[in-house]
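Notes follow the structure.
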2 protein chains.
Amino acid sequence: MVGRPRDERVDQAILAATRKVLTEQGYSRLTVDAVATAAGVGKAAIYRRYSSKHELVFAAAIHDLDLAPPPDGGSLSADLAALVQDVLDSLSTPTARAAGPGLLSDFLGDPALADRFEETFLARERACVQAALDRAVARGELDAPPDTALTHSLIMGPAFVWLYVFRREETETFARDLTVRLEAALRHTPPRT
Amino acid sequence: MVGRPRDERVDQAILAATRKVLTEQGYSRLTVDAVATAAGVGKAAIYRRYSSKHELVFAAAIHDLDLAPPPDGGSLSADLAALVQDVLDSLSTPTARAAGPGLLSDFLGDPALADRFEETFLARERACVQAALDRAVARGELDAPPDTALTHSLIMGPAFVWLYVFRREETETFARDLTVRLEAALRHTPPRT
DNA sequence: TAGTTTCGGAACTCTTCGTTTCGAAATATG
DNA sequence: CATATTTCGAAACGAAGAGTTCCGAAACTA
């Protein structure tokens, strides 16, 4: 590679400034100029790294999500509790709270971004769900495991709505209650149709 | 009231054009000029009725949602099936699919709009959930009814995520499966802590 | 040393929101 | 009927912000 190398501190300053503006102003009031100013950086430095404002916010919000699959908790109940906690943690950071719905809306108009979200976030989460279901079957806790996507929606859905639609701040008792209800939902063997 | 009265056909033309542009272009590509052109109307006629683009889209998307509380279905199972179907129907119209996440994002930057959403949509849905839970208790199907907001999130959340995050088109078997799992989740009496 | 890429900063174009103005039409009031 | 008021479509306007381009300087490679 020839030429002046990119300054890594600029990369970090841009992402940090984006998260700062995001939490202080919200996605709808975030401007690229404001990010550049807050980062002490020229706008060109931003567009050299990200092709659009959407890409910038995506990178800043989906950057260090804790996506290591939770370890075997020993029981379906423990695995579900860990999954619920991980999902709630991912969605309730100040950055995620500020950018989540806006990013979701961006995906509608930018299929490439939506695909990246699917690969970067959804597929990994789904794999964690799948692993927990497989372990429960192996333990004999579940005969017929429910569909993975359905299970995923049963975990992520209530958490998403609780935080982004109902805008509840409190998550502790919610996490406990959701986990208990989820276990009951999954253990139930549906009647043959 | 003095002066020339508002033409009611203009009201309808604006809302119809908004829904048309919404489904054809998506929220992110919807411009007020495009709506005005599609409606055969001046932009001033739009801003005479709505104070912002957000208000316009809100009115067009949350207009005729079927918010009559579902009648007593005779059993918790039947009531849940009806609730799930109503929620899925509300969220899966072409207009809702195009505007849903965008509107949700707008609420973050416009608390007044968020309050109207709470009153117009969430409160009514919550009342339907509450009524179904009350009937189940009266029938003796539930001893300790779960928290209404939690139950609401258990119904709306998976539906929302299924349609807007996973972007699944298919809803029939999803509705059936969700209903069955929900009933199991609600019937379960959580252990004393 | 020459060529390339980065840097911050500024100027620029283009799109879109929201406002204002225009003449004409419709209605209520006197 | 006459006047005041509000509507109508259309067009022009100002402000804001996305994205691009250029500048001189700095950092790196060959």
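Labels for the structure tokens follow display order: chains A, B, ..., residues from 1 in each chain, ligands from 1.
If you take only C-alpha atoms (C1' of nucleotides) and a cut-off of 12 Å, the residues of chain B that reach chain C are Met1, Val2, Gly3, Arg4, Pro5, Arg6, Asp7, Ser28, Arg29, Leu30, Thr31, Val32, Asp33, Ala34, Lys43, Ala44, Ile46, Tyr47, Arg48, Tyr50, Ser51, Ser52, Lys53 and His54 of chain B.
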>> I need the residues in segment 32-167 of chain A that are helix (DSSP H, G or I) according to DSSP; give them as a ChimeraX atom specification.
In response: /A:32-39,43-47,53-61,76-92,94-109,111-139,148-165
>> Show me, as JSON, numbers by chain, every residue of chain A with an atom at most 7 Å from chain B, counting only C-alpha atoms.
In response: {"A": [26, 28, 101, 102, 104, 105, 109, 153, 154, 157, 158, 160, 161, 162, 180, 181, 182, 184, 185, 186, 188, 190]}
> Could you write out as a ChimeraX atom specification the residues of chain D within 9 Å of chain A, counting only C-alpha atoms (C1' of nucleotides)?
Replying inline: /D:17-20,26-30
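When only C-alpha atoms are used to measure the gap to Gly73 of chain A, the shortest distance among A:Arg19, A:Arg168, A:Arg135, A:Arg9 belongs to A:Arg135.
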> Which residues, written as a ChimeraX atom specification, have at least one atom at most 12 Å from Asp134 of chain B, with only C-alpha atoms (C1' of nucleotides) counted and residues fewer than 6 positions away on the same chain left out?
Replying inline: /B:72,75-76,79,127-128,140-148
Go ahead and dump the residues you just picked, N, CA, C and O atoms, as a PDB file, in the first residue's frame.
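File written: result27.pdb
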ATOM      1  N   ASP B  72     -65.842 -11.600  22.676  1.00  0.00           N
ATOM      2  CA  ASP B  72     -65.517 -12.778  23.488  1.00  0.00           C
ATOM      3  C   ASP B  72     -65.547 -14.023  22.610  1.00  0.00           C
ATOM      4  O   ASP B  72     -66.584 -14.365  22.044  1.00  0.00           O
ATOM      5  N   SER B  75     -63.123 -18.689  24.720  1.00  0.00           N
ATOM      6  CA  SER B  75     -61.998 -19.348  25.393  1.00  0.00           C
ATOM      7  C   SER B  75     -60.759 -18.475  25.247  1.00  0.00           C
ATOM      8  O   SER B  75     -60.666 -17.653  24.334  1.00  0.00           O
ATOM      9  N   LEU B  76     -59.812 -18.678  26.159  1.00  0.00           N
ATOM     10  CA  LEU B  76     -58.556 -17.938  26.066  1.00  0.00           C
ATOM     11  C   LEU B  76     -57.903 -18.209  24.720  1.00  0.00           C
ATOM     12  O   LEU B  76     -57.390 -17.301  24.059  1.00  0.00           O
ATOM     13  N   ASP B  79     -59.600 -16.222  22.036  1.00  0.00           N
ATOM     14  CA  ASP B  79     -59.314 -14.796  22.194  1.00  0.00           C
ATOM     15  C   ASP B  79     -57.895 -14.464  21.749  1.00  0.00           C
ATOM     16  O   ASP B  79     -57.656 -13.439  21.103  1.00  0.00           O
ATOM     17  N   ALA B 127     -55.920  -2.343  25.895  1.00  0.00           N
ATOM     18  CA  ALA B 127     -57.242  -2.580  26.468  1.00  0.00           C
ATOM     19  C   ALA B 127     -57.808  -3.907  25.965  1.00  0.00           C
ATOM     20  O   ALA B 127     -58.462  -4.642  26.723  1.00  0.00           O
ATOM     21  N   CYS B 128     -57.562  -4.219  24.706  1.00  0.00           N
ATOM     22  CA  CYS B 128     -58.038  -5.503  24.160  1.00  0.00           C
ATOM     23  C   CYS B 128     -57.349  -6.658  24.875  1.00  0.00           C
ATOM     24  O   CYS B 128     -57.984  -7.664  25.206  1.00  0.00           O
ATOM     25  N   GLY B 140     -62.021 -18.860  34.754  1.00  0.00           N
ATOM     26  CA  GLY B 140     -61.247 -19.797  35.545  1.00  0.00           C
ATOM     27  C   GLY B 140     -60.090 -20.421  34.785  1.00  0.00           C
ATOM     28  O   GLY B 140     -59.459 -21.363  35.253  1.00  0.00           O
ATOM     29  N   GLU B 141     -59.779 -19.857  33.604  1.00  0.00           N
ATOM     30  CA  GLU B 141     -58.680 -20.420  32.821  1.00  0.00           C
ATOM     31  C   GLU B 141     -57.317 -19.956  33.338  1.00  0.00           C
ATOM     32  O   GLU B 141     -56.292 -20.599  33.073  1.00  0.00           O
ATOM     33  N   LEU B 142     -57.302 -18.803  34.000  1.00  0.00           N
ATOM     34  CA  LEU B 142     -56.061 -18.272  34.557  1.00  0.00           C
ATOM     35  C   LEU B 142     -56.289 -17.918  36.024  1.00  0.00           C
ATOM     36  O   LEU B 142     -57.290 -17.281  36.356  1.00  0.00           O
ATOM     37  N   ASP B 143     -55.349 -18.319  36.871  1.00  0.00           N
ATOM     38  CA  ASP B 143     -55.439 -17.898  38.281  1.00  0.00           C
ATOM     39  C   ASP B 143     -54.865 -16.501  38.429  1.00  0.00           C
ATOM     40  O   ASP B 143     -55.543 -15.544  38.746  1.00  0.00           O
ATOM     41  N   ALA B 144     -53.552 -16.431  38.202  1.00  0.00           N
ATOM     42  CA  ALA B 144     -52.854 -15.157  38.326  1.00  0.00           C
ATOM     43  C   ALA B 144     -52.541 -14.667  36.920  1.00  0.00           C
ATOM     44  O   ALA B 144     -51.626 -15.164  36.285  1.00  0.00           O
ATOM     45  N   PRO B 145     -53.317 -13.686  36.428  1.00  0.00           N
ATOM     46  CA  PRO B 145     -53.067 -13.220  35.055  1.00  0.00           C
ATOM     47  C   PRO B 145     -51.722 -12.497  34.989  1.00  0.00           C
ATOM     48  O   PRO B 145     -51.379 -11.756  35.905  1.00  0.00           O
ATOM     49  N   PRO B 146     -50.973 -12.727  33.932  1.00  0.00           N
ATOM     50  CA  PRO B 146     -49.692 -12.035  33.789  1.00  0.00           C
ATOM     51  C   PRO B 146     -49.919 -10.540  33.598  1.00  0.00           C
ATOM     52  O   PRO B 146     -51.015 -10.122  33.217  1.00  0.00           O
ATOM     53  N   ASP B 147     -48.901  -9.774  33.852  1.00  0.00           N
ATOM     54  CA  ASP B 147     -48.930  -8.323  33.644  1.00  0.00           C
ATOM     55  C   ASP B 147     -49.408  -7.998  32.226  1.00  0.00           C
ATOM     56  O   ASP B 147     -49.008  -8.649  31.250  1.00  0.00           O
ATOM     57  N   THR B 148     -50.268  -7.007  32.109  1.00  0.00           N
ATOM     58  CA  THR B 148     -50.857  -6.693  30.813  1.00  0.00           C
ATOM     59  C   THR B 148     -49.804  -6.249  29.803  1.00  0.00           C
ATOM     60  O   THR B 148     -49.818  -6.682  28.644  1.00  0.00           O
TER      61      THR B 148
END
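For the pair atom CA of Arg176 of chain A and atom CA of Leu91 of chain B, the interatomic distance is 27.6 Å.
Near Ala45 of chain B, within 10 Å and counting only C-alpha atoms (C1' of nucleotides), sit Arg6, Asp7, Val10, Asp11, Ile14 and Ala36 of chain B; DT7, DC8 and DG9 of chain D, not including residues fewer than 6 positions from it in the same chain.
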Would you save the residues from that selection as a compact mmCIF listing (two decimals), in the first residue's frame, using C-alpha atoms (C1' of nucleotides)?
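As a result, result_27.txt now contains:
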# COMPACT_ATOMS: atom_id res chain seq x y z
CA ARG B 6 -62.02 22.81 2.79
CA ASP B 7 -62.69 20.42 -0.03
CA VAL B 10 -58.64 17.07 -1.23
CA ASP B 11 -58.34 15.45 2.22
CA ILE B 14 -53.81 13.59 0.02
CA ALA B 36 -48.68 16.75 -3.77
C1' DT D 7 -59.70 27.86 0.32
C1' DC D 8 -57.63 26.26 -4.13
C1' DG D 9 -53.27 24.99 -7.46
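When atom CA of Gln130 of chain A is paired with atom CA of Thr173 of chain B, their separation reads 19.6 Å.
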